[in-house]
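Below is structure_26.txt, which holds compact mmCIF, C-alpha atoms.
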```
# COMPACT_ATOMS: atom_id res chain seq x y z
CA MET O 93 170.23 104.23 79.67
CA THR O 94 172.48 101.20 79.26
CA PRO O 95 174.86 100.11 76.52
CA HIS O 96 173.34 96.65 76.71
CA LEU O 97 169.97 97.73 75.26
CA ARG O 98 169.93 99.39 71.87
CA LEU O 99 166.97 100.93 70.06
CA ASP O 100 167.25 101.47 66.30
CA THR O 101 164.62 102.58 63.80
CA ARG O 102 164.47 101.95 60.07
CA GLY O 103 161.34 103.20 58.39
CA PRO O 104 158.22 101.92 60.17
CA ILE O 105 160.11 99.19 62.08
CA ALA O 106 161.98 99.72 65.35
CA THR O 107 164.39 97.14 66.76
CA LEU O 108 165.19 96.70 70.43
CA THR O 109 168.39 94.66 70.71
CA ILE O 110 169.49 92.98 73.93
CA ASP O 111 173.27 93.14 73.66
CA ARG O 112 175.23 91.67 76.56
CA PRO O 113 176.84 88.66 74.89
CA ALA O 114 179.41 88.03 77.62
CA LYS O 115 176.51 87.17 79.95
CA ARG O 116 174.32 85.46 77.33
CA ASN O 117 172.21 88.63 77.36
CA ALA O 118 171.24 88.20 81.01
CA MET O 119 169.23 91.24 82.15
CA ASN O 120 170.67 93.24 85.04
CA VAL O 121 168.74 95.79 87.06
CA GLU O 122 170.09 98.65 84.94
CA MET O 123 168.70 96.99 81.82
CA TRP O 124 165.31 96.25 83.38
CA SER O 125 165.11 99.86 84.57
CA ALA O 126 165.97 101.29 81.15
CA LEU O 127 163.53 99.20 79.15
CA PRO O 128 160.28 101.15 79.88
CA SER O 129 161.69 104.45 78.59
CA LEU O 130 162.89 102.74 75.41
CA VAL O 131 159.45 101.25 74.84
CA GLN O 132 157.94 104.67 75.45
CA GLU O 133 160.13 106.07 72.67
CA VAL O 134 158.58 103.53 70.32
CA ALA O 135 155.09 104.41 71.51
CA ALA O 136 155.71 108.13 70.99
CA ASP O 137 157.20 107.81 67.49
CA ASP O 138 154.30 108.13 65.05
CA GLY O 139 156.49 106.81 62.24
CA VAL O 140 157.04 103.45 63.96
CA ARG O 141 154.41 100.77 63.38
CA VAL O 142 156.10 97.58 64.63
CA LEU O 143 158.75 96.73 67.23
CA VAL O 144 161.09 93.74 66.82
CA VAL O 145 162.82 92.53 70.00
CA ARG O 146 165.94 90.43 69.46
CA GLY O 147 169.23 89.35 70.96
CA ASN O 148 172.32 88.08 69.17
CA GLU O 149 173.57 84.51 69.67
CA HIS O 150 171.07 84.27 72.53
CA PHE O 151 167.80 86.10 73.10
CA SER O 152 168.31 86.33 76.87
CA ALA O 153 169.35 83.87 79.56
CA GLY O 154 167.08 85.72 82.00
CA ALA O 155 167.76 87.84 85.05
CA ASP O 156 171.40 88.25 86.07
CA ILE O 157 171.87 85.69 88.86
CA GLY O 158 174.96 87.59 89.97
CA GLU O 159 172.69 90.32 91.35
CA PHE O 160 170.73 88.00 93.63
CA GLU O 161 173.13 88.64 96.52
CA THR O 162 172.83 92.41 96.10
CA HIS O 163 169.58 93.62 94.57
CA ARG O 164 167.53 90.57 95.64
CA ARG O 165 168.92 89.80 99.07
CA GLY O 166 165.99 89.50 101.50
CA ALA O 167 162.26 89.73 100.93
CA ALA O 168 162.03 93.54 100.76
CA ALA O 169 164.87 93.90 98.25
CA ALA O 170 163.51 91.01 96.18
CA ARG O 171 160.10 92.67 96.09
CA ARG O 172 161.62 95.93 94.86
CA TYR O 173 163.57 94.06 92.20
CA SER O 174 160.43 92.21 91.11
CA GLU O 175 158.59 95.51 90.77
CA ILE O 176 161.32 96.80 88.43
CA VAL O 177 161.06 93.64 86.31
CA HIS O 178 157.26 93.80 86.35
CA THR O 179 157.29 97.43 85.18
CA ALA O 180 159.60 96.53 82.29
CA GLU O 181 157.51 93.53 81.23
CA ARG O 182 154.27 95.51 81.45
CA ALA O 183 155.73 98.34 79.35
CA LEU O 184 156.44 95.89 76.55
CA ALA O 185 153.20 93.93 76.95
CA THR O 186 151.02 97.06 76.88
CA LEU O 187 152.73 98.84 73.98
CA PRO O 188 149.82 99.67 71.65
CA LYS O 189 151.90 98.76 68.59
CA PRO O 190 152.56 95.17 67.43
CA THR O 191 155.66 93.48 68.81
CA ILE O 192 157.63 90.51 67.45
CA ALA O 193 160.26 88.56 69.39
CA ALA O 194 163.02 86.99 67.28
CA VAL O 195 164.33 84.24 69.55
CA ALA O 196 167.66 82.47 69.10
CA GLY O 197 169.64 80.45 71.62
CA PHE O 198 168.67 80.72 75.27
CA CYS O 199 165.30 82.28 76.12
CA LEU O 200 165.09 81.57 79.84
CA GLY O 201 163.45 83.02 82.93
CA GLY O 202 163.12 86.78 82.54
CA GLY O 203 164.14 86.42 78.90
CA CYS O 204 161.16 84.16 78.29
CA GLU O 205 159.06 86.67 80.21
CA LEU O 206 160.07 89.35 77.70
CA ALA O 207 159.37 87.08 74.74
CA LEU O 208 155.93 86.26 76.14
CA ALA O 209 155.23 89.99 76.50
CA CYS O 210 155.51 90.27 72.70
CA ASP O 211 152.57 89.61 70.38
CA LEU O 212 154.39 87.16 68.10
CA ARG O 213 157.38 84.91 68.72
CA VAL O 214 159.54 83.54 65.90
CA ALA O 215 162.27 81.12 66.95
CA SER O 216 165.35 79.54 65.46
CA GLU O 217 165.74 75.77 65.51
CA ASP O 218 168.45 76.08 68.17
CA ALA O 219 166.30 78.11 70.58
CA ARG O 220 165.82 76.79 74.10
CA PHE O 221 163.04 77.96 76.38
CA GLY O 222 162.56 77.68 80.12
CA ILE O 223 161.09 79.45 83.14
CA THR O 224 162.97 78.41 86.23
CA PRO O 225 161.58 79.84 89.51
CA ALA O 226 161.27 76.29 90.88
CA LYS O 227 165.07 76.01 90.64
CA LEU O 228 165.54 79.22 92.63
CA GLY O 229 162.84 79.04 95.27
CA ILE O 230 160.88 82.03 94.01
CA VAL O 231 157.35 82.52 92.67
CA TYR O 232 156.65 83.91 89.21
CA SER O 233 154.38 86.99 89.19
CA LEU O 234 150.67 86.62 88.46
CA THR O 235 150.67 88.77 85.33
CA SER O 236 153.67 86.95 83.87
CA THR O 237 152.16 83.59 84.77
CA LYS O 238 148.98 84.68 82.98
CA GLN O 239 151.02 85.51 79.86
CA LEU O 240 152.36 81.95 79.93
CA VAL O 241 148.93 80.37 80.53
CA ASP O 242 147.42 82.47 77.72
CA ALA O 243 150.12 81.20 75.35
CA VAL O 244 150.33 77.49 76.20
CA GLY O 245 147.31 76.68 78.40
CA PRO O 246 147.27 75.68 82.08
CA ALA O 247 148.55 72.12 81.69
CA TRP O 248 151.77 73.10 79.92
CA ALA O 249 152.16 76.19 82.12
CA ARG O 250 152.14 73.87 85.14
CA GLN O 251 154.73 71.57 83.63
CA ILE O 252 157.00 74.46 82.62
CA LEU O 253 156.79 76.12 86.05
CA TYR O 254 156.80 72.99 88.22
CA THR O 255 159.83 71.41 86.54
CA GLY O 256 161.86 74.39 85.34
CA ASP O 257 162.97 72.17 82.47
CA HIS O 258 164.18 73.57 79.16
CA LEU O 259 162.07 73.06 76.03
CA ASP O 260 163.46 72.78 72.52
CA ALA O 261 162.07 74.86 69.67
CA ALA O 262 160.00 71.99 68.23
CA THR O 263 158.21 71.53 71.57
CA ALA O 264 157.73 75.28 71.93
CA LEU O 265 156.06 75.34 68.52
CA ARG O 266 153.87 72.34 69.29
CA ILE O 267 152.49 73.81 72.53
CA GLY O 268 151.97 77.32 71.17
CA LEU O 269 154.82 79.05 72.97
CA VAL O 270 156.09 80.29 69.59
CA ASN O 271 154.34 80.99 66.28
CA GLU O 272 157.03 79.74 63.91
CA VAL O 273 160.41 77.97 63.91
CA HIS O 274 163.05 78.51 61.22
CA PRO O 275 166.71 77.65 60.58
CA ALA O 276 169.01 80.03 62.46
CA GLU O 277 170.17 81.73 59.27
CA ARG O 278 166.55 82.49 58.32
CA LEU O 279 165.32 83.75 61.70
CA LEU O 280 165.86 87.50 61.39
CA ALA O 281 164.77 87.60 57.75
CA ARG O 282 161.46 86.01 58.71
CA ALA O 283 160.98 88.24 61.76
CA TYR O 284 161.47 91.36 59.67
CA GLU O 285 159.32 89.95 56.90
CA LEU O 286 156.47 89.62 59.40
CA ALA O 287 157.20 93.12 60.68
CA GLU O 288 157.10 94.58 57.16
CA ILE O 289 153.85 92.80 56.33
CA THR O 290 152.26 94.04 59.56
CA ALA O 291 153.54 97.57 58.97
CA SER O 292 152.02 97.55 55.46
CA ARG O 293 148.51 96.67 56.64
CA ALA O 294 145.79 99.08 57.74
CA GLN O 295 147.00 100.26 61.12
CA VAL O 296 143.48 101.05 62.29
CA SER O 297 142.78 97.32 61.88
CA VAL O 298 146.07 96.08 63.36
CA ARG O 299 145.93 98.22 66.48
CA GLY O 300 142.20 97.69 66.91
CA SER O 301 142.73 93.93 66.74
CA LYS O 302 145.55 94.12 69.28
CA GLU O 303 143.39 96.06 71.72
CA ILE O 304 140.40 93.73 71.33
CA ILE O 305 142.53 90.59 71.75
CA ASP O 306 144.04 92.06 74.92
CA ARG O 307 140.56 92.84 76.22
CA ILE O 308 139.46 89.25 75.57
CA LEU O 309 142.54 87.88 77.37
CA ASN O 310 141.75 90.17 80.29
CA GLY O 311 138.27 88.72 80.63
CA GLN O 312 136.04 90.92 78.49
CA HIS O 313 133.43 88.90 76.58
CA ALA O 314 131.06 91.49 75.14
CA ASP O 315 131.20 94.75 73.22
CA ASP O 316 131.25 97.95 75.22
CA ASP O 317 131.47 101.63 74.28
CA ALA O 318 135.25 101.46 73.90
CA VAL O 319 135.06 98.53 71.48
CA LEU O 320 132.20 100.11 69.53
CA ALA O 321 134.36 103.24 69.22
CA LEU O 322 137.07 101.09 67.61
CA TYR O 323 134.55 99.81 65.06
CA ASP O 324 133.32 103.35 64.30
CA ALA O 325 136.86 104.68 63.98
CA SER O 326 137.73 102.00 61.45
CA TYR O 327 134.74 102.68 59.21
CA ALA O 328 135.44 106.41 59.31
CA SER O 329 139.14 105.97 58.55
CA PRO O 330 140.99 106.69 55.30
CA GLU O 331 142.29 103.10 55.51
CA TYR O 332 138.76 101.76 55.15
CA ALA O 333 138.08 104.01 52.14
CA GLU O 334 141.35 102.91 50.51
CA GLY O 335 140.73 99.24 51.30
CA VAL O 336 137.29 99.26 49.68
CA GLU O 337 138.50 101.22 46.67
CA ALA O 338 141.45 98.87 46.17
CA PHE O 339 139.17 95.84 46.42
CA LEU O 340 136.77 97.24 43.81
CA GLU O 341 139.66 98.17 41.53
CA LYS O 342 141.26 94.73 42.04
CA ARG O 343 144.63 96.14 43.14
CA PRO O 344 146.72 95.97 46.32
CA PRO O 345 145.72 98.65 48.85
CA ARG O 346 148.07 101.55 49.49
CA PHE O 347 147.44 102.42 53.11
CA PRO O 348 148.67 105.74 54.50
```
Rewritten as structure tokens:
Amino acid sequence: MTPHLRLDTRGPIATLTIDRPAKRNAMNVEMWSALPSLVQEVAADDGVRVLVVRGNEHFSAGADIGEFETHRRGAAAARRYSEIVHTAERALATLPKPTIAAVAGFCLGGGCELALACDLRVASEDARFGITPAKLGIVYSLTSTKQLVDAVGPAWARQILYTGDHLDAATALRIGLVNEVHPAERLLARAYELAEITASRAQVSVRGSKEIIDRILNGQHADDDAVLALYDASYASPEYAEGVEAFLEKRPPRFP
């Protein structure tokens, strides 16, 4: 584990905090390596329904450039480093529970990769986004590139990756890189508001929707047995019974 990543749980909401302010929350290899086990803790905790990922003044300035001469020196070492980063990003992206990134300040490179691995992104007005492999002479991984293309489309993905330029929060909102933008003092309140709303909904619906959306993004275009099983599970669930009863009684549902 690392002191620069902290996992806290309050009720149905877990928070993963990137906490390395002296380096603008740049991710070192120790942090990348620790992240999958922290995500697994969230997956294994039946009481947790939503994960919020946040930083402090900055979300994350990306991978720690100071490690390029050690952990990323030469093609073989760089490939091993990339595999560690890929494993961390995939752990977050494939968590079966909803994830929300609360983005303030710098969200660059690997930091933007982590934000894109989350389901929703809420940004402060001072947030700055960028993915900068073209400034370093490296190539972004296919799966992470796909996350970017899925979010903003191929035209903007090309501009972001070709130029390495930073985008302000207003541009990020306009192109679909983030869902919402708020004043800095409102950012965390809104992120947790979204988390609480999501946690209060029928989880059979939320998690089923997440799985189906992921299947669509991965190229599935028709129902199969796995999707039909999701439908059947929802109609057989206590959430469905409560939802129908609440609707008929004209009251808010109280999902288990």
What does the distance from CA of Asn120 in chain O to CA of Val140 in chain O come to in Å, to one decimal? 27.1 Å
Residues within 8 Å of Ala325 in chain O, all atoms listed in the file, excluding chain neighbours under 4 positions, as a PDB file with C-alpha atoms, in the frame of the given file:
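Generated output (out10.pdb):
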```
ATOM      1  CA  VAL O 296     143.480 101.050  62.290  1.00  0.00           C
ATOM      2  CA  ALA O 321     134.360 103.240  69.220  1.00  0.00           C
ATOM      3  CA  SER O 329     139.140 105.970  58.550  1.00  0.00           C
TER       4      SER O 329
END
```
Could you work out how far CA of Arg141 in chain O lies from CA of Ala106 in chain O, giving the answer in Å with one decimal? 7.9 Å
Judged by all atoms listed in the file, the minimum distance to Val241 in chain O among O:Asp137, O:Glu205, O:Glu122, O:Asp156 is found for O:Glu205
Report as a list in words all protein, DNA and RNA residues lying within 10 Å of Leu240 in chain O, evaluated on all atoms listed in the file, omitting residues in the same chain fewer than 5 positions from it. Cys204, Glu205, Leu208, Ala209, Ile223, Leu234, Thr235, Gly245, Pro246, Trp248, Ala249, Arg250, Ile252, Leu253, Gly268 and Leu269 of chain O
Can you write range 121-269 of chain O from the block above with C-alpha atoms, as an mmCIF file, in the first residue's frame?
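Generated file (selection10.cif):
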```cif
data_model
loop_
_atom_site.group_PDB
_atom_site.id
_atom_site.type_symbol
_atom_site.label_atom_id
_atom_site.label_comp_id
_atom_site.auth_asym_id
_atom_site.auth_seq_id
_atom_site.Cartn_x
_atom_site.Cartn_y
_atom_site.Cartn_z
ATOM 1 C CA VAL O 121 4.835 3.191 -9.732
ATOM 2 C CA GLU O 122 4.022 2.381 -6.101
ATOM 3 C CA MET O 123 0.688 4.168 -6.445
ATOM 4 C CA TRP O 124 -0.172 2.518 -9.762
ATOM 5 C CA SER O 125 0.682 -0.877 -8.257
ATOM 6 C CA ALA O 126 -1.477 -0.312 -5.168
ATOM 7 C CA LEU O 127 -4.577 0.884 -6.984
ATOM 8 C CA PRO O 128 -5.977 -2.510 -8.159
ATOM 9 C CA SER O 129 -6.099 -3.950 -4.632
ATOM 10 C CA LEU O 130 -7.884 -0.836 -3.373
ATOM 11 C CA VAL O 131 -10.457 -1.131 -6.145
ATOM 12 C CA GLN O 132 -10.872 -4.802 -5.282
ATOM 13 C CA GLU O 133 -11.702 -3.794 -1.704
ATOM 14 C CA VAL O 134 -14.538 -1.680 -3.071
ATOM 15 C CA ALA O 135 -15.740 -4.526 -5.273
ATOM 16 C CA ALA O 136 -15.731 -6.966 -2.355
ATOM 17 C CA ASP O 137 -17.576 -4.686 0.086
ATOM 18 C CA ASP O 138 -21.283 -5.446 -0.315
ATOM 19 C CA GLY O 139 -22.163 -2.293 1.606
ATOM 20 C CA VAL O 140 -20.508 -0.014 -0.955
ATOM 21 C CA ARG O 141 -22.607 1.032 -3.946
ATOM 22 C CA VAL O 142 -20.613 3.916 -5.475
ATOM 23 C CA LEU O 143 -16.942 4.915 -5.628
ATOM 24 C CA VAL O 144 -15.856 8.568 -5.811
ATOM 25 C CA VAL O 145 -12.300 9.197 -7.041
ATOM 26 C CA ARG O 146 -10.825 12.580 -6.131
ATOM 27 C CA GLY O 147 -7.635 14.482 -5.492
ATOM 28 C CA ASN O 148 -7.164 17.662 -3.477
ATOM 29 C CA GLU O 149 -6.038 20.907 -5.141
ATOM 30 C CA HIS O 150 -5.312 18.810 -8.237
ATOM 31 C CA PHE O 151 -6.856 15.560 -9.425
ATOM 32 C CA SER O 152 -3.566 14.232 -10.807
ATOM 33 C CA ALA O 153 -0.822 15.684 -12.989
ATOM 34 C CA GLY O 154 -0.278 12.210 -14.450
ATOM 35 C CA ALA O 155 2.575 9.739 -14.229
ATOM 36 C CA ASP O 156 5.617 10.810 -12.219
ATOM 37 C CA ILE O 157 8.080 12.025 -14.868
ATOM 38 C CA GLY O 158 10.870 11.628 -12.330
ATOM 39 C CA GLU O 159 10.589 7.853 -12.737
ATOM 40 C CA PHE O 160 11.167 7.880 -16.492
ATOM 41 C CA GLU O 161 14.925 7.477 -16.020
ATOM 42 C CA THR O 162 14.451 4.512 -13.694
ATOM 43 C CA HIS O 163 11.254 2.530 -14.219
ATOM 44 C CA ARG O 164 10.814 3.544 -17.880
ATOM 45 C CA ARG O 165 14.367 3.556 -19.176
ATOM 46 C CA GLY O 166 14.479 1.465 -22.360
ATOM 47 C CA ALA O 167 11.737 -0.335 -24.251
ATOM 48 C CA ALA O 168 11.503 -3.395 -21.978
ATOM 49 C CA ALA O 169 11.270 -1.361 -18.766
ATOM 50 C CA ALA O 170 8.773 1.027 -20.362
ATOM 51 C CA ARG O 171 6.622 -1.914 -21.415
ATOM 52 C CA ARG O 172 6.616 -3.294 -17.870
ATOM 53 C CA TYR O 173 5.696 0.127 -16.508
ATOM 54 C CA SER O 174 2.892 0.447 -19.054
ATOM 55 C CA GLU O 175 1.525 -2.929 -17.999
ATOM 56 C CA ILE O 176 1.365 -1.742 -14.369
ATOM 57 C CA VAL O 177 -0.497 1.412 -15.433
ATOM 58 C CA HIS O 178 -2.798 -0.592 -17.712
ATOM 59 C CA THR O 179 -3.664 -3.007 -14.887
ATOM 60 C CA ALA O 180 -4.535 -0.095 -12.601
ATOM 61 C CA GLU O 181 -6.682 1.651 -15.213
ATOM 62 C CA ARG O 182 -8.488 -1.587 -16.110
ATOM 63 C CA ALA O 183 -9.216 -2.324 -12.447
ATOM 64 C CA LEU O 184 -11.015 0.997 -12.138
ATOM 65 C CA ALA O 185 -12.704 0.806 -15.541
ATOM 66 C CA THR O 186 -14.066 -2.703 -14.934
ATOM 67 C CA LEU O 187 -15.286 -2.198 -11.364
ATOM 68 C CA PRO O 188 -18.911 -3.412 -11.514
ATOM 69 C CA LYS O 189 -20.057 -0.539 -9.289
ATOM 70 C CA PRO O 190 -20.601 3.048 -10.514
ATOM 71 C CA THR O 191 -17.625 5.388 -10.312
ATOM 72 C CA ILE O 192 -17.510 9.202 -10.245
ATOM 73 C CA ALA O 193 -14.383 11.306 -10.760
ATOM 74 C CA ALA O 194 -14.372 14.677 -8.978
ATOM 75 C CA VAL O 195 -11.807 16.646 -10.975
ATOM 76 C CA ALA O 196 -10.134 19.839 -9.778
ATOM 77 C CA GLY O 197 -6.954 21.471 -11.024
ATOM 78 C CA PHE O 198 -4.663 19.428 -13.248
ATOM 79 C CA CYS O 199 -6.042 16.234 -14.794
ATOM 80 C CA LEU O 200 -3.247 15.310 -17.178
ATOM 81 C CA GLY O 201 -1.798 12.220 -18.814
ATOM 82 C CA GLY O 202 -2.271 9.232 -16.525
ATOM 83 C CA GLY O 203 -4.527 11.364 -14.328
ATOM 84 C CA CYS O 204 -6.852 11.921 -17.266
ATOM 85 C CA GLU O 205 -6.608 8.198 -17.967
ATOM 86 C CA LEU O 206 -7.938 7.504 -14.462
ATOM 87 C CA ALA O 207 -10.723 10.053 -14.838
ATOM 88 C CA LEU O 208 -11.744 8.497 -18.162
ATOM 89 C CA ALA O 209 -11.855 5.083 -16.485
ATOM 90 C CA CYS O 210 -14.677 6.403 -14.278
ATOM 91 C CA ASP O 211 -18.318 6.344 -15.367
ATOM 92 C CA LEU O 212 -19.027 10.017 -14.626
ATOM 93 C CA ARG O 213 -16.723 13.030 -14.454
ATOM 94 C CA VAL O 214 -17.630 16.210 -12.583
ATOM 95 C CA ALA O 215 -15.147 19.068 -12.889
ATOM 96 C CA SER O 216 -14.449 22.370 -11.216
ATOM 97 C CA GLU O 217 -14.207 25.519 -13.313
ATOM 98 C CA ASP O 218 -10.449 25.618 -12.751
ATOM 99 C CA ALA O 219 -9.845 22.072 -14.014
ATOM 100 C CA ARG O 220 -7.373 21.565 -16.853
ATOM 101 C CA PHE O 221 -7.268 18.440 -18.969
ATOM 102 C CA GLY O 222 -4.621 17.042 -21.272
ATOM 103 C CA ILE O 223 -3.123 13.805 -22.573
ATOM 104 C CA THR O 224 0.468 14.395 -23.560
ATOM 105 C CA PRO O 225 2.207 11.370 -25.146
ATOM 106 C CA ALA O 226 3.070 13.521 -28.192
ATOM 107 C CA LYS O 227 5.212 15.690 -25.891
ATOM 108 C CA LEU O 228 7.102 12.641 -24.601
ATOM 109 C CA GLY O 229 7.530 10.488 -27.683
ATOM 110 C CA ILE O 230 5.357 7.634 -26.449
ATOM 111 C CA VAL O 231 2.136 6.015 -27.670
ATOM 112 C CA TYR O 232 -1.010 5.855 -25.561
ATOM 113 C CA SER O 233 -2.390 2.322 -25.062
ATOM 114 C CA LEU O 234 -5.245 1.077 -27.235
ATOM 115 C CA THR O 235 -7.699 0.541 -24.382
ATOM 116 C CA SER O 236 -7.028 3.985 -22.919
ATOM 117 C CA THR O 237 -7.274 5.565 -26.367
ATOM 118 C CA LYS O 238 -10.629 3.817 -26.784
ATOM 119 C CA GLN O 239 -11.834 5.312 -23.486
ATOM 120 C CA LEU O 240 -10.986 8.750 -24.876
ATOM 121 C CA VAL O 241 -12.636 8.095 -28.260
ATOM 122 C CA ASP O 242 -15.758 6.746 -26.531
ATOM 123 C CA ALA O 243 -15.987 9.948 -24.480
ATOM 124 C CA VAL O 244 -15.227 12.663 -27.044
ATOM 125 C CA GLY O 245 -15.349 11.010 -30.488
ATOM 126 C CA PRO O 246 -12.480 10.413 -32.926
ATOM 127 C CA ALA O 247 -12.038 13.998 -34.124
ATOM 128 C CA TRP O 248 -11.444 15.450 -30.666
ATOM 129 C CA ALA O 249 -9.434 12.390 -29.604
ATOM 130 C CA ARG O 250 -7.092 13.089 -32.515
ATOM 131 C CA GLN O 251 -6.717 16.740 -31.585
ATOM 132 C CA ILE O 252 -6.086 15.939 -27.914
ATOM 133 C CA LEU O 253 -3.496 13.256 -28.700
ATOM 134 C CA TYR O 254 -1.811 14.926 -31.684
ATOM 135 C CA THR O 255 -1.287 18.274 -29.944
ATOM 136 C CA GLY O 256 -0.954 17.363 -26.277
ATOM 137 C CA ASP O 257 -2.567 20.724 -25.546
ATOM 138 C CA HIS O 258 -4.414 21.436 -22.318
ATOM 139 C CA LEU O 259 -8.189 21.962 -22.402
ATOM 140 C CA ASP O 260 -10.113 24.167 -19.997
ATOM 141 C CA ALA O 261 -13.191 22.907 -18.186
ATOM 142 C CA ALA O 262 -15.623 24.685 -20.524
ATOM 143 C CA THR O 263 -14.095 22.939 -23.543
ATOM 144 C CA ALA O 264 -14.070 19.608 -21.724
ATOM 145 C CA LEU O 265 -17.785 20.010 -21.046
ATOM 146 C CA ARG O 266 -18.554 21.020 -24.628
ATOM 147 C CA ILE O 267 -16.825 17.985 -26.160
ATOM 148 C CA GLY O 268 -18.187 15.462 -23.667
ATOM 149 C CA LEU O 269 -14.992 14.828 -21.723
#
```
